[in-house]
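Each remark here refers to the structure printed beneath this line.
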Amino acid sequence: MGFLKNKIFIFIIIFLILIVLISVLIFTKRDNTPEEWEATTLNAPWSTRDSHGSVVFNDKIWVFGGIDGGKDFDGNYGNLPHRSDIWSSVDGINWELITENAPWGKRRSPSMAIFQDKIWLIGGFVEQNRNSDHKNDVWNSENGIDWKKVVSFAPWKARSGHSVVVFDNKLWIIGGVNFFERKLKNDVWYSEDGIKWTEASVSAPWSGRYDHTVVAFKDKLWLMGGCGFGESSESTKNDIWSSENGKDWELVTENAPWPARHGHTSVVFKNNIWIISGWNTGEDKGLRDVWYSDNGSTWSKTEKDTPWQGREDHTSVIFKDKIWVLGGMDSNWEWTNDVWYSTY
C-alpha cells in the first residue's frame, strides 16, 4: 500500500513539473511573439513627416526629406513644408543631423536604394520657390553627406510615388504618378549603373498606380497594392503581381487577403515578405495590420495589430536583425516622428 502511495506521489510531482514546464514554454513563446513592437522614441529630433526616404547604410539608419503637415493642413500637399534634411542614427534612439539643406532640394516621395555601395535618390516631388514639380533626376552619395547629381533628366518621365528596387544586379524604377499631368505610370525601367536607363516594359499588365511597393524576393520582382485616382474603394488595390525579368508579369492574385491599401511599406525579412500598415481610401483610414508570406501568394496576419494608429507614407528598413518603422501620417491626419522596431 505504501509503495502504491509513493508511486502516486511521484506521478503527481512529475505531472506538476510538466505543467510548470509547459506554462513556462507558453509564457516564453507569448513573451517573444512577433506581434510585439517597441518604440525607441516617440519624438525623434527630426520633425514630424511622411513621404520621406529611409535606408540602412554604413551600419546606420538614414532619413531623408519628406513633408510635414503640422496642425494647419488645408488639404493641399503642395502647401506643406517640404524637407531637404538628412539624419542618421546608429541605434534608432540617438540621431545626428547631417545637413538641413541637401543639394537635391526640398523633396517628398523620393525613392531610395543602396546600389553599388552608394545611396541612390531617384525622382520625387520638389518644392522650389513656389515652383513645385515632379522630377526625373538621379542622385547618389558614397557617404550620405556629399551628393552628386548623375542624371538631370532621365529617359523615364518625371514622377513621384514610384518604387525603386535592386534586382538582378540592376536598379529598377516601377510605376508612379504625375499629379500635374494627371498621368498614372505602369512602365518599368532598369539600369546597370544608375545612369543609362533601359525600358523593360512601356505598359505592364498591371494598372497604372502610385504608392505601391515592390520587393525582390526569391528571384522575382513582387508588386503589391497601390492606388489610382479617385476616392472610391476601387481606386485602392490589393492585387499582387510577380515578374522574373521586369518585362513579363504574372497576376498572382487580384484580391489578396489583406485589405486594399496604398502608402504601405514592404520588406523582406527572415525569408518572408512583410506588409506593414498603409491607407485604405474606401474606408478613409490608416491601417494597423501586419501581414507576411513565404511565397508571395499565401498570407498570414500577425495576431496583434501594431500599437501605433494606422498610418501611411511611413518608411520601413531592416536594421540589426529587426524591422523598423519611421514616421508617417496617422489616421487622424497627424504627422509623426516616432521610431518603432520588432524582431518578428
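Numbering starts fresh at 1 for the residues of each chain in the C-alpha cells, the chains themselves are lettered A, B, ... in the order given, and ligands are numbered from 1 as they appear.
If you count only C-alpha atoms and ignore residues fewer than 2 places along the chain from Ile273 of chain A, what sits within 9 Å of it is A:Val215, A:Phe217, A:Ser266, A:Val267, A:Val268, A:Phe269, A:Lys270, A:Asn271, A:Ile275, A:Trp291, A:Tyr292, A:Ser293, A:Asp294, A:Asn295, A:Gly296.
For the set A:Glu100, A:Glu38, A:Val63, A:Arg49, the residue with the smallest atom-to-atom gap to Asp330 of chain A is A:Arg49, counting only C-alpha atoms.
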Please list as a PyMOL selection string every residue within 9 Å of Glu234 of chain A, counting only C-alpha atoms and excluding residues in the same chain fewer than 3 positions away. chain A and resi 227-228+230-231+237+260+281-282
Take the residues from that selection and put them in a file with N, CA and C atoms, as an mmCIF file, in the first residue's frame.
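After the write, out_34.cif holds the following:
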```
data_model
loop_
_atom_site.group_PDB
_atom_site.id
_atom_site.type_symbol
_atom_site.label_atom_id
_atom_site.label_comp_id
_atom_site.auth_asym_id
_atom_site.auth_seq_id
_atom_site.Cartn_x
_atom_site.Cartn_y
_atom_site.Cartn_z
ATOM 1 N N CYS A 227 -2.456 52.687 -55.505
ATOM 2 C CA CYS A 227 -3.742 53.324 -55.804
ATOM 3 C C CYS A 227 -3.674 54.091 -57.108
ATOM 4 N N GLY A 228 -4.872 54.388 -57.607
ATOM 5 C CA GLY A 228 -5.012 55.271 -58.761
ATOM 6 C C GLY A 228 -5.689 56.553 -58.325
ATOM 7 N N GLY A 230 -8.934 59.102 -57.623
ATOM 8 C CA GLY A 230 -10.298 58.958 -57.129
ATOM 9 C C GLY A 230 -10.348 58.573 -55.669
ATOM 10 N N GLU A 231 -11.532 58.754 -55.075
ATOM 11 C CA GLU A 231 -11.744 58.494 -53.659
ATOM 12 C C GLU A 231 -12.513 57.201 -53.405
ATOM 13 N N LYS A 237 -5.724 49.357 -54.337
ATOM 14 C CA LYS A 237 -5.509 47.987 -54.815
ATOM 15 C C LYS A 237 -5.065 47.046 -53.694
ATOM 16 N N ALA A 260 -7.199 46.283 -49.212
ATOM 17 C CA ALA A 260 -6.571 47.171 -50.189
ATOM 18 C C ALA A 260 -5.907 48.346 -49.477
ATOM 19 N N THR A 281 -8.335 53.842 -48.889
ATOM 20 C CA THR A 281 -9.089 55.006 -49.351
ATOM 21 C C THR A 281 -10.583 54.803 -49.188
ATOM 22 N N GLY A 282 -11.069 53.584 -49.449
ATOM 23 C CA GLY A 282 -12.504 53.325 -49.340
ATOM 24 C C GLY A 282 -13.034 53.598 -47.947
#
```
Quick one: everything within 10 Å of Trp120 of chain A, counting only C-alpha atoms, minus sequence neighbours fewer than 5 positions away in the same chain. Send it as a PyMOL selection string. chain A and resi 55+110-115+138-142+144+147-150+164+171+194
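Proximity to Gly161 of chain A at 8 Å, evaluated using only C-alpha atoms and with sequence-adjacent residues fewer than 4 positions away removed, yields Ser109, Pro110, Ser111, Gly124, Gly175, Gly176, Val177, Tyr210, Asp211 and His212 of chain A.
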Those same residues - N, CA and C atoms - I'd like them written as an mmCIF file, in the first residue's frame.
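Final output, saved to part-v4.cif:
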```cif
data_model
loop_
_atom_site.group_PDB
_atom_site.id
_atom_site.type_symbol
_atom_site.label_atom_id
_atom_site.label_comp_id
_atom_site.auth_asym_id
_atom_site.auth_seq_id
_atom_site.Cartn_x
_atom_site.Cartn_y
_atom_site.Cartn_z
ATOM 1 N N SER A 109 8.505 62.124 -51.362
ATOM 2 C CA SER A 109 8.299 60.912 -52.171
ATOM 3 C C SER A 109 9.459 60.586 -53.093
ATOM 4 N N PRO A 110 10.709 60.797 -52.629
ATOM 5 C CA PRO A 110 11.799 60.230 -53.413
ATOM 6 C C PRO A 110 11.829 58.729 -53.169
ATOM 7 N N SER A 111 12.388 57.993 -54.079
ATOM 8 C CA SER A 111 12.615 56.567 -53.839
ATOM 9 C C SER A 111 14.104 56.353 -53.656
ATOM 10 N N GLY A 124 10.793 61.997 -57.449
ATOM 11 C CA GLY A 124 10.057 62.581 -56.339
ATOM 12 C C GLY A 124 9.473 63.926 -56.708
ATOM 13 N N GLY A 175 6.446 52.136 -62.007
ATOM 14 C CA GLY A 175 5.203 52.852 -61.734
ATOM 15 C C GLY A 175 5.410 54.264 -61.229
ATOM 16 N N GLY A 176 4.333 54.843 -60.650
ATOM 17 C CA GLY A 176 4.380 56.193 -60.116
ATOM 18 C C GLY A 176 3.270 57.060 -60.689
ATOM 19 N N VAL A 177 3.375 58.372 -60.455
ATOM 20 C CA VAL A 177 2.306 59.300 -60.860
ATOM 21 C C VAL A 177 2.898 60.678 -61.121
ATOM 22 N N TYR A 210 0.333 54.460 -58.040
ATOM 23 C CA TYR A 210 1.399 55.036 -57.226
ATOM 24 C C TYR A 210 1.217 54.591 -55.783
ATOM 25 N N ASP A 211 2.210 54.874 -54.964
ATOM 26 C CA ASP A 211 2.221 54.471 -53.549
ATOM 27 C C ASP A 211 2.023 52.963 -53.375
ATOM 28 N N HIS A 212 2.507 52.183 -54.332
ATOM 29 C CA HIS A 212 2.573 50.736 -54.239
ATOM 30 C C HIS A 212 3.928 50.364 -53.640
#
```
If you run DSSP on the backbone, which residues of segment 124-256 of chain A are strand (DSSP E), as a PyMOL selection string? chain A and resi 124-127+133-141+148-151+163-167+170-178+183-191+198-201+213-217+220-227+236-243+249-253
Can you write out the residues you just picked, keeping C-alpha atoms, as a PDB file, in the first residue's frame?
```pdb
ATOM      1  CA  GLY A 124      10.057  62.581 -56.339  1.00  0.00           C
ATOM      2  CA  PHE A 125       8.301  65.899 -55.893  1.00  0.00           C
ATOM      3  CA  VAL A 126      10.375  69.029 -55.287  1.00  0.00           C
ATOM      4  CA  GLU A 127       9.259  72.346 -53.806  1.00  0.00           C
ATOM      5  CA  ASP A 133       7.221  69.887 -59.834  1.00  0.00           C
ATOM      6  CA  HIS A 134       7.864  66.186 -60.235  1.00  0.00           C
ATOM      7  CA  LYS A 135      11.423  65.168 -61.009  1.00  0.00           C
ATOM      8  CA  ASN A 136      13.198  62.550 -63.089  1.00  0.00           C
ATOM      9  CA  ASP A 137      16.670  63.214 -61.750  1.00  0.00           C
ATOM     10  CA  VAL A 138      19.068  60.708 -60.176  1.00  0.00           C
ATOM     11  CA  TRP A 139      21.449  61.433 -57.288  1.00  0.00           C
ATOM     12  CA  ASN A 140      23.939  59.271 -55.409  1.00  0.00           C
ATOM     13  CA  SER A 141      26.276  59.506 -52.442  1.00  0.00           C
ATOM     14  CA  LYS A 148      26.284  64.026 -56.860  1.00  0.00           C
ATOM     15  CA  LYS A 149      23.599  64.504 -59.493  1.00  0.00           C
ATOM     16  CA  VAL A 150      24.422  61.813 -62.054  1.00  0.00           C
ATOM     17  CA  VAL A 151      21.314  62.308 -64.235  1.00  0.00           C
ATOM     18  CA  SER A 163       9.091  52.197 -56.411  1.00  0.00           C
ATOM     19  CA  VAL A 164      12.825  51.660 -56.749  1.00  0.00           C
ATOM     20  CA  VAL A 165      14.374  48.268 -56.044  1.00  0.00           C
ATOM     21  CA  VAL A 166      17.631  46.413 -56.667  1.00  0.00           C
ATOM     22  CA  PHE A 167      17.109  43.182 -58.592  1.00  0.00           C
ATOM     23  CA  LYS A 170      20.286  46.285 -61.624  1.00  0.00           C
ATOM     24  CA  LEU A 171      18.445  49.326 -60.330  1.00  0.00           C
ATOM     25  CA  TRP A 172      14.737  49.310 -61.231  1.00  0.00           C
ATOM     26  CA  ILE A 173      12.094  52.053 -61.244  1.00  0.00           C
ATOM     27  CA  ILE A 174       8.473  50.919 -61.414  1.00  0.00           C
ATOM     28  CA  GLY A 175       5.203  52.852 -61.734  1.00  0.00           C
ATOM     29  CA  GLY A 176       4.380  56.193 -60.116  1.00  0.00           C
ATOM     30  CA  VAL A 177       2.306  59.300 -60.860  1.00  0.00           C
ATOM     31  CA  ASN A 178       2.497  62.836 -62.175  1.00  0.00           C
ATOM     32  CA  LYS A 183      -0.958  60.535 -65.508  1.00  0.00           C
ATOM     33  CA  LEU A 184      -0.516  57.209 -63.727  1.00  0.00           C
ATOM     34  CA  LYS A 185       2.526  55.131 -64.656  1.00  0.00           C
ATOM     35  CA  ASN A 186       2.772  51.414 -65.322  1.00  0.00           C
ATOM     36  CA  ASP A 187       6.142  51.430 -67.063  1.00  0.00           C
ATOM     37  CA  VAL A 188       9.256  49.565 -65.899  1.00  0.00           C
ATOM     38  CA  TRP A 189      12.857  50.734 -66.359  1.00  0.00           C
ATOM     39  CA  TYR A 190      16.222  49.378 -65.275  1.00  0.00           C
ATOM     40  CA  SER A 191      19.841  50.469 -65.172  1.00  0.00           C
ATOM     41  CA  THR A 198      16.550  50.874 -70.475  1.00  0.00           C
ATOM     42  CA  GLU A 199      12.802  50.443 -70.711  1.00  0.00           C
ATOM     43  CA  ALA A 200      11.791  46.874 -69.858  1.00  0.00           C
ATOM     44  CA  SER A 201       8.066  47.494 -70.325  1.00  0.00           C
ATOM     45  CA  THR A 213       5.507  48.631 -53.083  1.00  0.00           C
ATOM     46  CA  VAL A 214       7.925  46.389 -54.958  1.00  0.00           C
ATOM     47  CA  VAL A 215      10.412  43.957 -53.418  1.00  0.00           C
ATOM     48  CA  ALA A 216      12.906  41.456 -54.797  1.00  0.00           C
ATOM     49  CA  PHE A 217      12.114  38.026 -53.372  1.00  0.00           C
ATOM     50  CA  LYS A 220      11.375  37.658 -58.762  1.00  0.00           C
ATOM     51  CA  LEU A 221      10.036  41.174 -58.541  1.00  0.00           C
ATOM     52  CA  TRP A 222       6.829  41.409 -56.498  1.00  0.00           C
ATOM     53  CA  LEU A 223       4.462  44.376 -56.853  1.00  0.00           C
ATOM     54  CA  MET A 224       1.755  44.864 -54.208  1.00  0.00           C
ATOM     55  CA  GLY A 225      -1.137  47.277 -53.766  1.00  0.00           C
ATOM     56  CA  GLY A 226      -1.061  50.980 -54.519  1.00  0.00           C
ATOM     57  CA  CYS A 227      -3.742  53.324 -55.804  1.00  0.00           C
ATOM     58  CA  THR A 236      -7.017  51.370 -53.967  1.00  0.00           C
ATOM     59  CA  LYS A 237      -5.509  47.987 -54.815  1.00  0.00           C
ATOM     60  CA  ASN A 238      -4.764  44.710 -53.075  1.00  0.00           C
ATOM     61  CA  ASP A 239      -3.518  42.825 -56.114  1.00  0.00           C
ATOM     62  CA  ILE A 240      -0.127  41.119 -56.343  1.00  0.00           C
ATOM     63  CA  TRP A 241       1.999  40.697 -59.464  1.00  0.00           C
ATOM     64  CA  SER A 242       5.353  38.999 -59.978  1.00  0.00           C
ATOM     65  CA  SER A 243       7.982  39.003 -62.692  1.00  0.00           C
ATOM     66  CA  TRP A 249       4.324  39.966 -65.371  1.00  0.00           C
ATOM     67  CA  GLU A 250       2.080  37.319 -63.826  1.00  0.00           C
ATOM     68  CA  LEU A 251      -1.009  38.112 -61.777  1.00  0.00           C
ATOM     69  CA  VAL A 252      -0.566  36.219 -58.512  1.00  0.00           C
ATOM     70  CA  THR A 253      -3.916  37.319 -57.109  1.00  0.00           C
TER      71      THR A 253
END
```
Give me the residues near Gly105 of chain A as a VMD selection string, where near means some atom within 9 Å (using only C-alpha atoms) and where sequence neighbours in that chain fewer than 4 positions away do not count. chain A and resid 65 82 to 85 101 126 to 128
Output of the above residues as a PDB file, in the first residue's frame, restricted to C-alpha atoms:
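Written file, selection-v4.pdb:
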```pdb
ATOM      1  CA  GLY A  65      13.453  64.796 -46.729  1.00  0.00           C
ATOM      2  CA  HIS A  82       8.944  70.150 -47.720  1.00  0.00           C
ATOM      3  CA  ARG A  83      12.203  68.996 -46.153  1.00  0.00           C
ATOM      4  CA  SER A  84      15.725  68.681 -47.507  1.00  0.00           C
ATOM      5  CA  ASP A  85      17.371  67.479 -44.310  1.00  0.00           C
ATOM      6  CA  ASN A 101      19.836  71.561 -46.903  1.00  0.00           C
ATOM      7  CA  VAL A 126      10.375  69.029 -55.287  1.00  0.00           C
ATOM      8  CA  GLU A 127       9.259  72.346 -53.806  1.00  0.00           C
ATOM      9  CA  GLN A 128      11.427  75.174 -55.101  1.00  0.00           C
TER      10      GLN A 128
END
```
